[in-house]
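Accompanying notes for the structure given below.
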Amino acid sequence: IDLSVTWLGQTMPGCLYNASGVWCREEGELEALHASAAAAVITKSATLTPRDGNPEPRYCRTPLGSINSMGLPNRGFDYYLDYARRYRYGSGKPLFLSLSGLSLDDNCAMLRRLAEEGLPAVPEVNLSCPNVPGKPQLGYDFAATAEALEAFDAAYSGLYGVKLPPYFDPAHFAAMAEILNRHPRLAFVTCINSIGNGLVVDIDSEAVVIKPKDGLGGLGGDYVLPTALANVREFFRLLPGKDVVGCGGVKSGREAFMHILAGARAVQVGTCLYHEGPGAFSRIAGELAMLMRVKGYRSLDAFRGRLRTL
Ligand code: RRO
């Protein structure tokens, strides 16, 4: 069974890697991902300067997944750029740098720095952080997203991707796709970031479970799988010539299979990785390979996007 994926001009050894934010803030974590069965590595969303993030508790596991309001804690762009300079690209595992500037100027400054260095690392610009108080998710503002993509094109000369928030209406899928399709060097979209501003309530304490924003936070895990699949499917159909990276609710080979059937080129693992650690990648890859064997599929190309309708 062949789980390799060819995209962005290279072939990576599998289809699974981490969702940005999980197990990727520190060099030691990134190296553990690189040493694991993950097929690629993406760094924690970077801002121009380091941030401590929101007050704790800011992450909570729940029976159906997770809620977080981390608030973009990260070591700052220079730390991840330095890691990218030293990364072992020869392993065949691509390195993605997630960028989440607090302004359009900050995002463009980071993209220009990356372009100057000429590194093979690929940017995934985060248009969908739900957790910085006072900063709305850019991906929900279509005019601002259109303006941002024009500026990214001017700042960066290579292929890049964006991390999108979940959308919930066909009119929004169509409007965002029309904007994204104006940009040939936008090579991929990652669907989805957490479902923003959910609220988890604990009955015993009669309280919220995380401190920032009076308990509101981004949902991940089982809660988000159907929403993630819908976003992967719709953008797969609406963005011909671009790749869709599936992210949301993957905890076994079964959900990875669903994402690929919906059209995903590669699949990211967030909440499950947070709870299980990098050993999750070999387990999920093994389960996916077993499911493919049972179904008679020998490569991901044999079923990618071939979801049937009734
Ligand atoms: O750091 C966070 O709070 C965070 C970010 Br930047 C994001 O994009 N998605 C998320 O669930 N949390």
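By convention in this document, the chains of the structure tokens carry letters A, B, ... by their order, each chain's residues are numbered from 1, and ligands are numbered from 1 in the order they are shown.
Residue neighbourhood of Gly118 (chain A), excluding near-sequence residues (fewer than 5 positions): Arg85, Arg113, Ser157 and Gly158 of chain A, at 10 Å, using only C-alpha atoms.
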| task | Skip Arg237 (chain A) itself and residues of its chain fewer than 6 positions away, then list as JSON, numbers by chain all residues within 10 Å of it, counting only C-alpha atoms. | result | {"A": [177, 231, 244, 262, 263, 305]}
Go through chain A and flag each residue having an atom no more than 8 Å from ligand 1; for those, report the closest pair of atoms plus their distance in Å to one decimal, using only C-alpha atoms and all ligand atoms, ordered by chain and rising number, as JSON lines.
```
{"residue": "A:Ser20", "atom": "CA", "partner": "ligand 1", "partner_atom_place_in_ligand_line": "8 (O)", "distance": 7.5}
{"residue": "A:Gly21", "atom": "CA", "partner": "ligand 1", "partner_atom_place_in_ligand_line": "1 (O)", "distance": 6.5}
{"residue": "A:Lys44", "atom": "CA", "partner": "ligand 1", "partner_atom_place_in_ligand_line": "6 (Br)", "distance": 7.7}
{"residue": "A:Ser45", "atom": "CA", "partner": "ligand 1", "partner_atom_place_in_ligand_line": "6 (Br)", "distance": 5.7}
{"residue": "A:Gly53", "atom": "CA", "partner": "ligand 1", "partner_atom_place_in_ligand_line": "1 (O)", "distance": 7.1}
{"residue": "A:Asn54", "atom": "CA", "partner": "ligand 1", "partner_atom_place_in_ligand_line": "3 (O)", "distance": 7.9}
{"residue": "A:Ile67", "atom": "CA", "partner": "ligand 1", "partner_atom_place_in_ligand_line": "11 (O)", "distance": 7.8}
{"residue": "A:Asn68", "atom": "CA", "partner": "ligand 1", "partner_atom_place_in_ligand_line": "11 (O)", "distance": 5.9}
{"residue": "A:Ser69", "atom": "CA", "partner": "ligand 1", "partner_atom_place_in_ligand_line": "3 (O)", "distance": 4.4}
{"residue": "A:Met70", "atom": "CA", "partner": "ligand 1", "partner_atom_place_in_ligand_line": "3 (O)", "distance": 3.5}
{"residue": "A:Gly71", "atom": "CA", "partner": "ligand 1", "partner_atom_place_in_ligand_line": "3 (O)", "distance": 3.7}
{"residue": "A:Leu72", "atom": "CA", "partner": "ligand 1", "partner_atom_place_in_ligand_line": "1 (O)", "distance": 3.3}
{"residue": "A:Pro73", "atom": "CA", "partner": "ligand 1", "partner_atom_place_in_ligand_line": "1 (O)", "distance": 5.9}
{"residue": "A:Ser100", "atom": "CA", "partner": "ligand 1", "partner_atom_place_in_ligand_line": "6 (Br)", "distance": 6.6}
{"residue": "A:Asn126", "atom": "CA", "partner": "ligand 1", "partner_atom_place_in_ligand_line": "8 (O)", "distance": 6.2}
{"residue": "A:Leu127", "atom": "CA", "partner": "ligand 1", "partner_atom_place_in_ligand_line": "8 (O)", "distance": 7.7}
{"residue": "A:Ser128", "atom": "CA", "partner": "ligand 1", "partner_atom_place_in_ligand_line": "8 (O)", "distance": 5.5}
{"residue": "A:Cys129", "atom": "CA", "partner": "ligand 1", "partner_atom_place_in_ligand_line": "8 (O)", "distance": 3.5}
{"residue": "A:Pro130", "atom": "CA", "partner": "ligand 1", "partner_atom_place_in_ligand_line": "9 (N)", "distance": 6.0}
{"residue": "A:Asn131", "atom": "CA", "partner": "ligand 1", "partner_atom_place_in_ligand_line": "3 (O)", "distance": 4.7}
{"residue": "A:Val132", "atom": "CA", "partner": "ligand 1", "partner_atom_place_in_ligand_line": "3 (O)", "distance": 6.8}
{"residue": "A:Lys163", "atom": "CA", "partner": "ligand 1", "partner_atom_place_in_ligand_line": "8 (O)", "distance": 8.0}
{"residue": "A:Asn193", "atom": "CA", "partner": "ligand 1", "partner_atom_place_in_ligand_line": "9 (N)", "distance": 5.7}
{"residue": "A:Ser194", "atom": "CA", "partner": "ligand 1", "partner_atom_place_in_ligand_line": "11 (O)", "distance": 4.7}
{"residue": "A:Ile195", "atom": "CA", "partner": "ligand 1", "partner_atom_place_in_ligand_line": "11 (O)", "distance": 7.7}
{"residue": "A:Gly196", "atom": "CA", "partner": "ligand 1", "partner_atom_place_in_ligand_line": "11 (O)", "distance": 7.2}
{"residue": "A:Gly217", "atom": "CA", "partner": "ligand 1", "partner_atom_place_in_ligand_line": "11 (O)", "distance": 7.4}
{"residue": "A:Gly218", "atom": "CA", "partner": "ligand 1", "partner_atom_place_in_ligand_line": "11 (O)", "distance": 4.8}
{"residue": "A:Leu219", "atom": "CA", "partner": "ligand 1", "partner_atom_place_in_ligand_line": "11 (O)", "distance": 7.0}
{"residue": "A:Gly220", "atom": "CA", "partner": "ligand 1", "partner_atom_place_in_ligand_line": "11 (O)", "distance": 7.5}
```
| said: For Glu26 (chain A), find every residue with an atom within 10 Å (counting only C-alpha atoms), except residues of its own chain fewer than 3 positions away, and show them as a list of chain:residue names. | reply: A:Trp23, A:Glu29, A:Leu30, A:Glu31, A:Thr43, A:Lys44, A:Asn74, A:Arg75, A:Tyr79, A:Tyr80, A:Tyr83
Prev. selection, C-alpha atoms, output as a compact mmCIF listing (two decimals), in the first residue's frame:
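After the write, again_34.txt holds the following:
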```txt
# COMPACT_ATOMS: atom_id res chain seq x y z
CA TRP A 23 3.25 19.68 19.13
CA GLU A 29 8.53 19.08 19.59
CA LEU A 30 9.21 19.79 15.92
CA GLU A 31 12.11 17.34 15.95
CA THR A 43 5.25 25.00 12.88
CA LYS A 44 3.05 26.83 15.38
CA ASN A 74 4.74 31.31 19.97
CA ARG A 75 8.49 31.90 19.89
CA TYR A 79 12.79 31.28 15.91
CA TYR A 80 10.85 29.29 13.30
CA TYR A 83 14.57 26.23 12.51
```
| request: Figure out the distance between CA of Ala84 (chain A) and CA of Lys242 (chain A), please, to one decimal in Å. | output: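 Computed distance, CA of Lys242 (chain A) to CA of Ala84 (chain A), equals 24.4 Å.
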| message | I'd like to know which residues of region 4-249 of chain A are helix (DSSP H, G or I) (by DSSP, run on the backbone); could you write them as a PyMOL selection string? | response | chain A and resi 27-35+77-86+89-91+104-117+138-140+142-155+170-180+212-215+222-238
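Considering only C-alpha atoms, the residue among A:Val22, A:Leu81, A:Leu8, A:Leu138 positioned nearest to Glu276 (chain A) is A:Val22.
Considering the residues A:Ser98, A:Val201, A:Tyr297, A:Met176 and counting only C-alpha atoms, Tyr160 (chain A) has its shortest atom-to-atom contact with A:Ser98.
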| task | Pick out the residues sitting within 7 Å of Asn18 (chain A), and hand them over as a list in words; count only C-alpha atoms, and ignore anything fewer than 6 positions along from it in its own chain. | result | Val41, Ile42, Gln268, Val269 and Gly270 of chain A
| query | So which residues of region 10-71 of chain A fall under strand (DSSP E or B) by DSSP, listed as a list of chain:residue names? | reply |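 So, restricting region 10-71 of chain A to strand (DSSP E or B), we get A:Gln10, A:Thr11, A:Met12, A:Leu16, A:Tyr17, A:Asn18, A:Ala40, A:Val41, A:Ile42, A:Ala46, A:Arg51, A:Tyr59, A:Cys60, A:Arg61, A:Thr62, A:Gly65, A:Ser66, A:Ile67, A:Asn68.
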| Given only C-alpha atoms as the counted atoms, nearest of A:Asp105, A:Arg112, A:Gly286, A:Ser66 to Glu147 (chain A) | A:Asp105
| query | For His183 (chain A), which of A:Leu199, A:Glu234, A:Leu225, A:Gly241 is the closest residue, counting only C-alpha atoms? | reply |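 Nearest candidate to His183 (chain A) out of A:Leu199, A:Glu234, A:Leu225, A:Gly241: A:Gly241.
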| query | Which one is closest to Ala32 (chain A): A:Pro57, A:Gly277, A:Pro94, A:Gly221? Count only C-alpha atoms. | reply |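 Of A:Pro57, A:Gly277, A:Pro94, A:Gly221, the one nearest Ala32 (chain A) is A:Gly277, counting only C-alpha atoms.
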| query | Which one of A:Asp301, A:Asp2, A:Glu206, A:Asp214 sits closest to Gly14 (chain A) if you count only C-alpha atoms? | reply | A:Asp2
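Atom to atom, CA of Ser299 (chain A) and CA of Tyr223 (chain A) stand 28.8 Å apart.
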| request: Identify, on the basis of only C-alpha atoms, every residue whose closest approach to Leu95 (chain A) does not exceed 7 Å; exclude the query and any residue fewer than 2 positions from it along the same chain; express the result as a ChimeraX atom specification. | output: /A:40-42,93,97,121-122
Written selection (C-alpha atoms) as a short mmCIF file (atom, residue, chain, number, x, y, z; two decimals), in the first residue's frame:
```cif
data_model
loop_
_atom_site.label_atom_id
_atom_site.label_comp_id
_atom_site.auth_asym_id
_atom_site.auth_seq_id
_atom_site.Cartn_x
_atom_site.Cartn_y
_atom_site.Cartn_z
CA ALA A 40 5.61 16.57 6.96
CA VAL A 41 5.99 19.13 9.73
CA ILE A 42 4.23 22.47 10.27
CA LYS A 93 9.25 15.54 4.71
CA LEU A 97 5.72 27.56 8.33
CA ALA A 121 9.87 25.82 3.57
CA VAL A 122 6.28 26.52 2.43
#
```
| message | I want to know what sits within 9 Å of Ala154 (chain A), based on only C-alpha atoms, with residues of the same chain fewer than 4 positions away left out; could you give that as a list in words? | response |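 Result of the neighbour search: Cys108, Arg112, Leu149 and Glu150 of chain A.
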| message | Report, in Å to a single decimal, how far apart CA of Tyr156 (chain A) and CA of Ala144 (chain A) are. | response |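 Separation of CA of Ala144 (chain A) and CA of Tyr156 (chain A): 18.0 Å.
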